[in-house]
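**Student:** target.cif (mmCIF, C-alpha atoms) pasted underneath:
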```
data_query
loop_
_atom_site.group_PDB
_atom_site.id
_atom_site.type_symbol
_atom_site.label_atom_id
_atom_site.label_comp_id
_atom_site.auth_asym_id
_atom_site.auth_seq_id
_atom_site.Cartn_x
_atom_site.Cartn_y
_atom_site.Cartn_z
ATOM 1 C CA MET A 1 2.954 -21.004 -28.867
ATOM 2 C CA LYS A 2 0.170 -22.390 -26.720
ATOM 3 C CA HIS A 3 -2.029 -20.092 -24.639
ATOM 4 C CA ILE A 4 -3.369 -21.364 -21.325
ATOM 5 C CA LEU A 5 -6.645 -19.703 -20.425
ATOM 6 C CA ASP A 6 -8.098 -19.261 -16.963
ATOM 7 C CA THR A 7 -11.729 -18.409 -16.287
ATOM 8 C CA SER A 8 -11.114 -14.648 -16.043
ATOM 9 C CA ALA A 9 -9.483 -14.669 -19.476
ATOM 10 C CA LEU A 10 -12.422 -16.476 -21.022
ATOM 11 C CA PHE A 11 -14.853 -14.061 -19.351
ATOM 12 C CA SER A 12 -13.069 -10.980 -20.710
ATOM 13 C CA MET A 13 -11.931 -12.146 -24.151
ATOM 14 C CA GLN A 14 -13.806 -11.486 -27.357
ATOM 15 C CA ASP A 15 -11.708 -13.814 -29.521
ATOM 16 C CA LEU A 16 -9.674 -16.889 -28.706
ATOM 17 C CA PRO A 17 -5.925 -16.856 -29.296
ATOM 18 C CA PRO A 18 -4.313 -19.553 -31.427
ATOM 19 C CA GLU A 19 -3.925 -22.960 -29.774
ATOM 20 C CA PRO A 20 -6.020 -22.260 -26.652
ATOM 21 C CA VAL A 21 -5.616 -24.767 -23.821
ATOM 22 C CA THR A 22 -7.493 -24.833 -20.546
ATOM 23 C CA ALA A 23 -7.973 -26.995 -17.490
ATOM 24 C CA PRO A 24 -11.104 -29.069 -16.809
ATOM 25 C CA GLY A 25 -11.932 -26.881 -13.805
ATOM 26 C CA VAL A 26 -12.177 -23.806 -16.032
ATOM 27 C CA ILE A 27 -14.804 -25.507 -18.183
ATOM 28 C CA ALA A 28 -16.689 -26.512 -15.021
ATOM 29 C CA GLU A 29 -16.659 -22.879 -13.812
ATOM 30 C CA LEU A 30 -17.970 -21.605 -17.152
ATOM 31 C CA LYS A 31 -20.756 -24.176 -17.046
ATOM 32 C CA LYS A 32 -21.515 -23.205 -13.438
ATOM 33 C CA TYR A 33 -21.966 -19.563 -14.481
ATOM 34 C CA ASP A 34 -23.866 -20.636 -17.622
ATOM 35 C CA ASP A 35 -21.525 -18.531 -19.774
ATOM 36 C CA THR A 36 -22.861 -18.497 -23.335
ATOM 37 C CA ARG A 37 -19.409 -18.198 -24.939
ATOM 38 C CA LEU A 38 -18.722 -21.792 -24.007
ATOM 39 C CA ARG A 39 -21.209 -22.935 -26.659
ATOM 40 C CA TYR A 40 -19.135 -21.214 -29.343
ATOM 41 C CA TRP A 41 -15.676 -21.993 -27.997
ATOM 42 C CA GLU A 42 -15.938 -25.454 -26.511
ATOM 43 C CA ASP A 43 -14.990 -27.221 -29.742
ATOM 44 C CA ARG A 44 -11.950 -24.909 -30.242
ATOM 45 C CA LEU A 45 -10.529 -25.314 -26.717
ATOM 46 C CA THR A 46 -8.137 -28.101 -25.880
ATOM 47 C CA VAL A 47 -8.981 -29.279 -22.369
ATOM 48 C CA SER A 48 -6.167 -30.988 -20.530
ATOM 49 C CA ALA A 49 -5.558 -31.941 -16.920
ATOM 50 C CA PRO A 50 -2.170 -31.035 -15.461
ATOM 51 C CA SER A 51 0.266 -33.663 -14.260
ATOM 52 C CA SER A 52 0.233 -34.474 -10.571
ATOM 53 C CA ALA A 53 3.952 -33.587 -10.370
ATOM 54 C CA SER A 54 3.343 -30.063 -11.696
ATOM 55 C CA LEU A 55 0.314 -29.635 -9.467
ATOM 56 C CA GLU A 56 2.419 -30.576 -6.459
ATOM 57 C CA LYS A 57 5.115 -28.032 -7.444
ATOM 58 C CA VAL A 58 2.461 -25.321 -7.713
ATOM 59 C CA LYS A 59 1.043 -26.197 -4.290
ATOM 60 C CA ARG A 60 4.496 -26.065 -2.686
ATOM 61 C CA ALA A 61 5.298 -22.707 -4.299
ATOM 62 C CA ALA A 62 1.894 -21.316 -3.275
ATOM 63 C CA ALA A 63 2.551 -22.340 0.329
ATOM 64 C CA GLU A 64 5.911 -20.523 0.198
ATOM 65 C CA THR A 65 4.418 -17.230 -1.061
ATOM 66 C CA GLY A 66 1.217 -17.472 0.958
ATOM 67 C CA ASP A 67 -0.865 -17.622 -2.223
ATOM 68 C CA ASP A 68 -2.256 -21.001 -1.152
ATOM 69 C CA ALA A 69 -5.113 -19.243 0.654
ATOM 70 C CA ARG A 70 -5.770 -16.967 -2.317
ATOM 71 C CA LEU A 71 -5.677 -19.469 -5.181
ATOM 72 C CA SER A 72 -8.546 -21.810 -5.934
ATOM 73 C CA PRO A 73 -7.955 -25.428 -6.959
ATOM 74 C CA VAL A 74 -8.824 -24.365 -10.532
ATOM 75 C CA ASP A 75 -6.205 -21.581 -10.417
ATOM 76 C CA MET A 76 -3.618 -24.143 -9.341
ATOM 77 C CA GLU A 77 -4.690 -26.423 -12.219
ATOM 78 C CA VAL A 78 -4.109 -23.564 -14.680
ATOM 79 C CA LEU A 79 -0.625 -22.866 -13.303
ATOM 80 C CA ALA A 80 0.324 -26.553 -13.326
ATOM 81 C CA LEU A 81 -0.977 -26.948 -16.872
ATOM 82 C CA ALA A 82 1.190 -23.994 -17.947
ATOM 83 C CA MET A 83 4.201 -25.795 -16.486
ATOM 84 C CA ASP A 84 3.323 -28.929 -18.451
ATOM 85 C CA VAL A 85 2.709 -27.330 -21.870
ATOM 86 C CA LYS A 86 5.229 -24.472 -21.519
ATOM 87 C CA GLY A 87 2.826 -21.870 -22.835
ATOM 88 C CA VAL A 88 1.667 -18.384 -21.911
ATOM 89 C CA ILE A 89 -1.031 -18.014 -19.260
ATOM 90 C CA LEU A 90 -3.716 -15.483 -20.134
ATOM 91 C CA THR A 91 -5.270 -14.205 -16.901
ATOM 92 C CA ASP A 92 -6.462 -11.147 -15.014
ATOM 93 C CA ASP A 93 -6.121 -12.959 -11.688
ATOM 94 C CA TYR A 94 -3.365 -11.248 -9.692
ATOM 95 C CA SER A 95 -2.694 -14.289 -7.520
ATOM 96 C CA ILE A 96 -2.143 -16.442 -10.607
ATOM 97 C CA GLN A 97 0.178 -13.764 -12.001
ATOM 98 C CA ASN A 98 2.035 -13.550 -8.694
ATOM 99 C CA LEU A 99 2.732 -17.263 -8.524
ATOM 100 C CA ALA A 100 3.441 -17.476 -12.273
ATOM 101 C CA ARG A 101 6.199 -14.928 -11.812
ATOM 102 C CA VAL A 102 7.634 -16.883 -8.863
ATOM 103 C CA LEU A 103 7.556 -20.084 -10.933
ATOM 104 C CA ALA A 104 9.111 -18.290 -13.947
ATOM 105 C CA LEU A 105 6.021 -18.989 -16.064
ATOM 106 C CA GLU A 106 5.133 -16.549 -18.795
ATOM 107 C CA TYR A 107 1.772 -14.798 -18.389
ATOM 108 C CA ARG A 108 -0.168 -11.949 -19.962
ATOM 109 C CA ALA A 109 -3.029 -9.894 -18.561
ATOM 110 C CA VAL A 110 -6.021 -9.654 -20.890
ATOM 111 C CA GLY A 111 -8.317 -6.939 -19.558
ATOM 112 C CA LEU A 112 -6.579 -5.398 -16.561
ATOM 113 C CA LYS A 113 -3.034 -4.248 -15.892
ATOM 114 C CA GLY A 114 -0.757 -7.017 -14.697
ATOM 115 C CA ILE A 115 1.096 -7.111 -11.395
ATOM 116 C CA LYS A 116 4.172 -4.951 -10.922
ATOM 117 C CA GLU A 117 5.951 -6.974 -8.232
ATOM 118 C CA VAL A 118 5.839 -10.327 -6.495
ATOM 119 C CA ILE A 119 3.986 -10.256 -3.187
ATOM 120 C CA VAL A 120 4.594 -12.603 -0.287
ATOM 121 C CA TRP A 121 1.622 -12.972 2.043
ATOM 122 C CA LYS A 122 1.553 -13.432 5.797
ATOM 123 C CA TYR A 123 -1.509 -14.059 7.955
ATOM 124 C CA ARG A 124 -2.656 -11.803 10.777
ATOM 125 C CA CYS A 125 -5.082 -12.857 13.474
ATOM 126 C CA ARG A 126 -8.182 -10.665 13.517
ATOM 127 C CA GLY A 127 -8.356 -11.035 17.313
ATOM 128 C CA CYS A 128 -4.910 -10.850 18.886
ATOM 129 C CA GLY A 129 -2.979 -9.452 15.903
ATOM 130 C CA LYS A 130 -0.301 -12.188 15.890
ATOM 131 C CA ILE A 131 1.283 -12.682 12.452
ATOM 132 C CA PHE A 132 1.915 -16.151 11.018
ATOM 133 C CA ASP A 133 3.902 -17.296 7.972
ATOM 134 C CA LYS A 134 1.387 -20.000 7.057
ATOM 135 C CA ASN A 135 -2.385 -19.921 6.762
ATOM 136 C CA MET A 136 -4.401 -21.859 9.359
ATOM 137 C CA PRO A 137 -8.130 -22.362 9.903
ATOM 138 C CA ASP A 138 -7.929 -20.152 13.029
ATOM 139 C CA CYS A 139 -5.425 -18.566 15.385
ATOM 140 C CA PRO A 140 -3.752 -21.122 17.666
ATOM 141 C CA ILE A 141 -3.444 -18.419 20.349
ATOM 142 C CA CYS A 142 -6.948 -16.961 20.571
ATOM 143 C CA GLY A 143 -9.060 -18.926 18.070
ATOM 144 C CA SER A 144 -9.981 -15.947 15.844
ATOM 145 C CA ALA A 145 -9.950 -16.042 12.046
ATOM 146 C CA LEU A 146 -6.828 -15.070 10.105
ATOM 147 C CA ARG A 147 -6.648 -12.678 7.182
ATOM 148 C CA SER A 148 -3.916 -12.299 4.606
ATOM 149 C CA VAL A 149 -1.639 -9.252 4.722
ATOM 150 C CA ARG A 150 1.315 -8.254 2.581
ATOM 151 C CA SER A 151 4.634 -9.214 4.065
ATOM 152 C CA ARG A 152 7.150 -6.433 4.604
ATOM 153 C CA GLU A 153 9.931 -8.864 3.737
ATOM 154 C CA ALA A 154 11.291 -8.998 0.218
ATOM 155 C CA PRO A 155 10.353 -12.168 -1.669
ATOM 156 C CA GLN A 156 13.067 -14.818 -1.717
ATOM 157 C CA LYS A 157 14.571 -15.616 -5.082
#
```
Kindly transcribe the structure held in the file into structure tokens.
**Tutor:**
Amino acid sequence: MKHILDTSALFSMQDLPPEPVTAPGVIAELKKYDDTRLRYWEDRLTVSAPSSASLEKVKRAAAETGDDARLSPVDMEVLALAMDVKGVILTDDYSIQNLARVLALEYRAVGLKGIKEVIVWKYRCRGCGKIFDKNMPDCPICGSALRSVRSREAPQK
């Protein structure tokens, strides 16, 4: 079984699992933070870019749950790669876990407890308080910034 590693997994792990796979963006983040483990692990990691079809599916699902504002492009790469290789995602990122569960992808937390339930996010205006289903750069009513809030609605299956 392949293990797909995100940046948080590589930061918190002492040893690599068998057949570790990661996305190019994860390697870029490790280099950005000058993480010393990369020197020891780089030759053992398989780096693979996800397919554009899987990446598009992840983006659509993230827009549905509201995770699109919470997930980085690298997080979306990791999820799409997991779809492509049909492996287990190792991550402590709750937004990755949330969307992995929605997409029926297997995941495992490495250092923290995993999520207990799927969360759907809405967006509330910091100024007027209006709630929106989709994230926007600013409120179309008053122009204030939006922030994510948990939806009171049950996630759709």
**Student:** With only C-alpha atoms as the counted atoms, please give the residues lying no more than 8 Å from Val118 of chain A, apart from itself and same-chain residues fewer than 5 positions off, as a list of chain:residue names.
**Tutor:**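 The neighbour list is A:Asn98, A:Leu99, A:Arg101, A:Val102, A:Pro155.
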**Student:** Kindly resolve the PyMOL selection byres ((chain A and resi 63) around 12) on the present coordinates and return the residues as a PyMOL selection string.
**Tutor:** chain A and resi 56-62+64-71+76+99+102+120-123+133-136
**Student:** Go ahead and compute the interatomic distance for atom CA of His3 of chain A and atom CA of Ser52 of chain A, in Å to one decimal.
**Tutor:**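 A separation of 20.2 Å between them.
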**Student:** Of the candidates A:Lys116, A:Gly111, A:Val85, A:Leu45, which one gets nearest to Gln97 of chain A if we count all atoms listed in the file?
**Tutor:**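 Result for the nearest residue to Gln97 of chain A: A:Lys116.
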**Student:** Considering only C-alpha atoms, can you say which of A:Phe132, A:Tyr94, A:Tyr33, A:Trp41 comes closest to Ser151 of chain A?
**Tutor:** A:Phe132
**Student:** Which value, in Å to one decimal, gives the distance between atom CA of Leu10 of chain A and atom CA of Asp84 of chain A?
**Tutor:**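 These two atoms are separated by 20.2 Å.
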**Student:** Counting only C-alpha atoms, figure out which residue out of A:Leu55, A:Ala9, A:Ile4, A:Ser144 gets nearest to Gly129 of chain A.
**Tutor:**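 Residue with the minimum atom-to-atom distance to Gly129 of chain A: A:Ser144.
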**Student:** Could you expand the PyMOL selection byres ((chain A and resi 22) around 6) into the explicit residues it covers here, written as a list in words?
**Tutor:** Ile4, Leu5, Val21, Ala23 and Val47 of chain A
**Student:** For segment 1-102 of chain A of the structure just presented, write C-alpha atoms to a file, as a compact mmCIF listing (two decimals), in the first residue's frame.
**Tutor:**
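What follows is the written file decode19.txt:
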```
# COMPACT_ATOMS: atom_id res chain seq x y z
CA MET A 1 0.00 0.00 0.00
CA LYS A 2 1.29 3.43 -0.93
CA HIS A 3 1.39 6.24 1.62
CA ILE A 4 0.84 9.80 0.43
CA LEU A 5 2.60 12.30 2.66
CA ASP A 6 1.71 15.94 3.15
CA THR A 7 4.04 18.50 4.68
CA SER A 8 2.64 18.12 8.21
CA ALA A 9 3.29 14.38 8.09
CA LEU A 10 6.88 14.89 7.03
CA PHE A 11 7.37 17.49 9.77
CA SER A 12 6.08 15.17 12.51
CA MET A 13 7.37 11.78 11.37
CA GLN A 14 10.54 10.17 12.62
CA ASP A 15 10.58 7.34 10.06
CA LEU A 16 9.13 7.05 6.59
CA PRO A 17 6.47 4.43 5.90
CA PRO A 18 6.95 1.93 3.08
CA GLU A 19 6.40 3.28 -0.44
CA PRO A 20 6.16 6.99 0.46
CA VAL A 21 4.75 9.24 -2.27
CA THR A 22 4.40 13.00 -2.17
CA ALA A 23 3.50 15.91 -4.39
CA PRO A 24 6.04 18.38 -5.82
CA GLY A 25 4.55 21.18 -3.72
CA VAL A 26 5.37 19.30 -0.52
CA ILE A 27 9.03 19.13 -1.49
CA ALA A 28 8.95 22.86 -2.30
CA GLU A 29 7.49 23.61 1.15
CA LEU A 30 10.17 21.53 2.89
CA LYS A 31 12.86 23.36 0.94
CA LYS A 32 11.22 26.69 1.80
CA TYR A 33 11.42 25.87 5.52
CA ASP A 34 14.94 24.43 5.08
CA ASP A 35 13.86 21.21 6.80
CA THR A 36 16.93 19.04 7.35
CA ARG A 37 15.03 15.75 7.04
CA LEU A 38 14.69 16.34 3.33
CA ARG A 39 18.42 15.65 2.90
CA TYR A 40 17.93 12.16 4.34
CA TRP A 41 14.57 11.35 2.78
CA GLU A 42 14.65 12.93 -0.64
CA ASP A 43 16.09 9.85 -2.34
CA ARG A 44 13.47 7.57 -0.67
CA LEU A 45 10.42 9.68 -1.60
CA THR A 46 8.62 9.18 -4.87
CA VAL A 47 7.54 12.62 -6.08
CA SER A 48 4.61 12.64 -8.45
CA ALA A 49 2.27 15.31 -9.75
CA PRO A 50 -1.44 14.53 -9.66
CA SER A 51 -3.52 14.30 -12.81
CA SER A 52 -5.42 17.39 -13.84
CA ALA A 53 -8.68 15.39 -13.75
CA SER A 54 -8.17 14.43 -10.10
CA LEU A 55 -7.11 17.96 -9.21
CA GLU A 56 -10.30 19.29 -10.76
CA LYS A 57 -12.42 16.79 -8.76
CA VAL A 58 -10.71 17.91 -5.56
CA LYS A 59 -11.34 21.58 -6.35
CA ARG A 60 -15.03 20.93 -7.04
CA ALA A 61 -15.45 18.94 -3.82
CA ALA A 62 -13.60 21.63 -1.83
CA ALA A 63 -15.95 24.28 -3.21
CA GLU A 64 -18.93 22.15 -2.11
CA THR A 65 -17.71 21.76 1.49
CA GLY A 66 -16.25 25.25 1.77
CA ASP A 67 -12.76 23.83 2.27
CA ASP A 68 -11.56 25.71 -0.82
CA ALA A 69 -10.67 28.71 1.36
CA ARG A 70 -8.93 26.50 3.92
CA LEU A 71 -6.86 24.25 1.65
CA SER A 72 -3.66 25.40 0.00
CA PRO A 73 -2.81 24.45 -3.58
CA VAL A 74 -0.31 21.95 -2.12
CA ASP A 75 -3.04 20.38 0.05
CA MET A 76 -5.18 19.95 -3.05
CA GLU A 77 -2.22 18.34 -4.86
CA VAL A 78 -1.88 15.81 -2.02
CA LEU A 79 -5.58 14.92 -2.15
CA ALA A 80 -5.57 14.59 -5.94
CA LEU A 81 -2.44 12.44 -5.82
CA ALA A 82 -4.17 10.15 -3.30
CA MET A 83 -7.02 9.75 -5.78
CA ASP A 84 -4.56 8.83 -8.52
CA VAL A 85 -2.46 6.27 -6.60
CA LYS A 86 -5.26 4.95 -4.35
CA GLY A 87 -3.14 5.08 -1.23
CA VAL A 88 -3.46 6.28 2.35
CA ILE A 89 -2.89 9.96 3.08
CA LEU A 90 -0.77 10.62 6.16
CA THR A 91 -1.63 14.07 7.51
CA ASP A 92 -2.38 16.11 10.61
CA ASP A 93 -4.16 18.76 8.54
CA TYR A 94 -7.85 18.73 9.51
CA SER A 95 -8.98 20.32 6.26
CA ILE A 96 -7.23 17.60 4.25
CA GLN A 97 -8.84 14.98 6.49
CA ASN A 98 -12.24 16.62 6.09
CA LEU A 99 -12.13 16.60 2.31
CA ALA A 100 -10.52 13.13 2.22
CA ARG A 101 -13.51 11.78 4.11
CA VAL A 102 -15.92 13.51 1.71
```
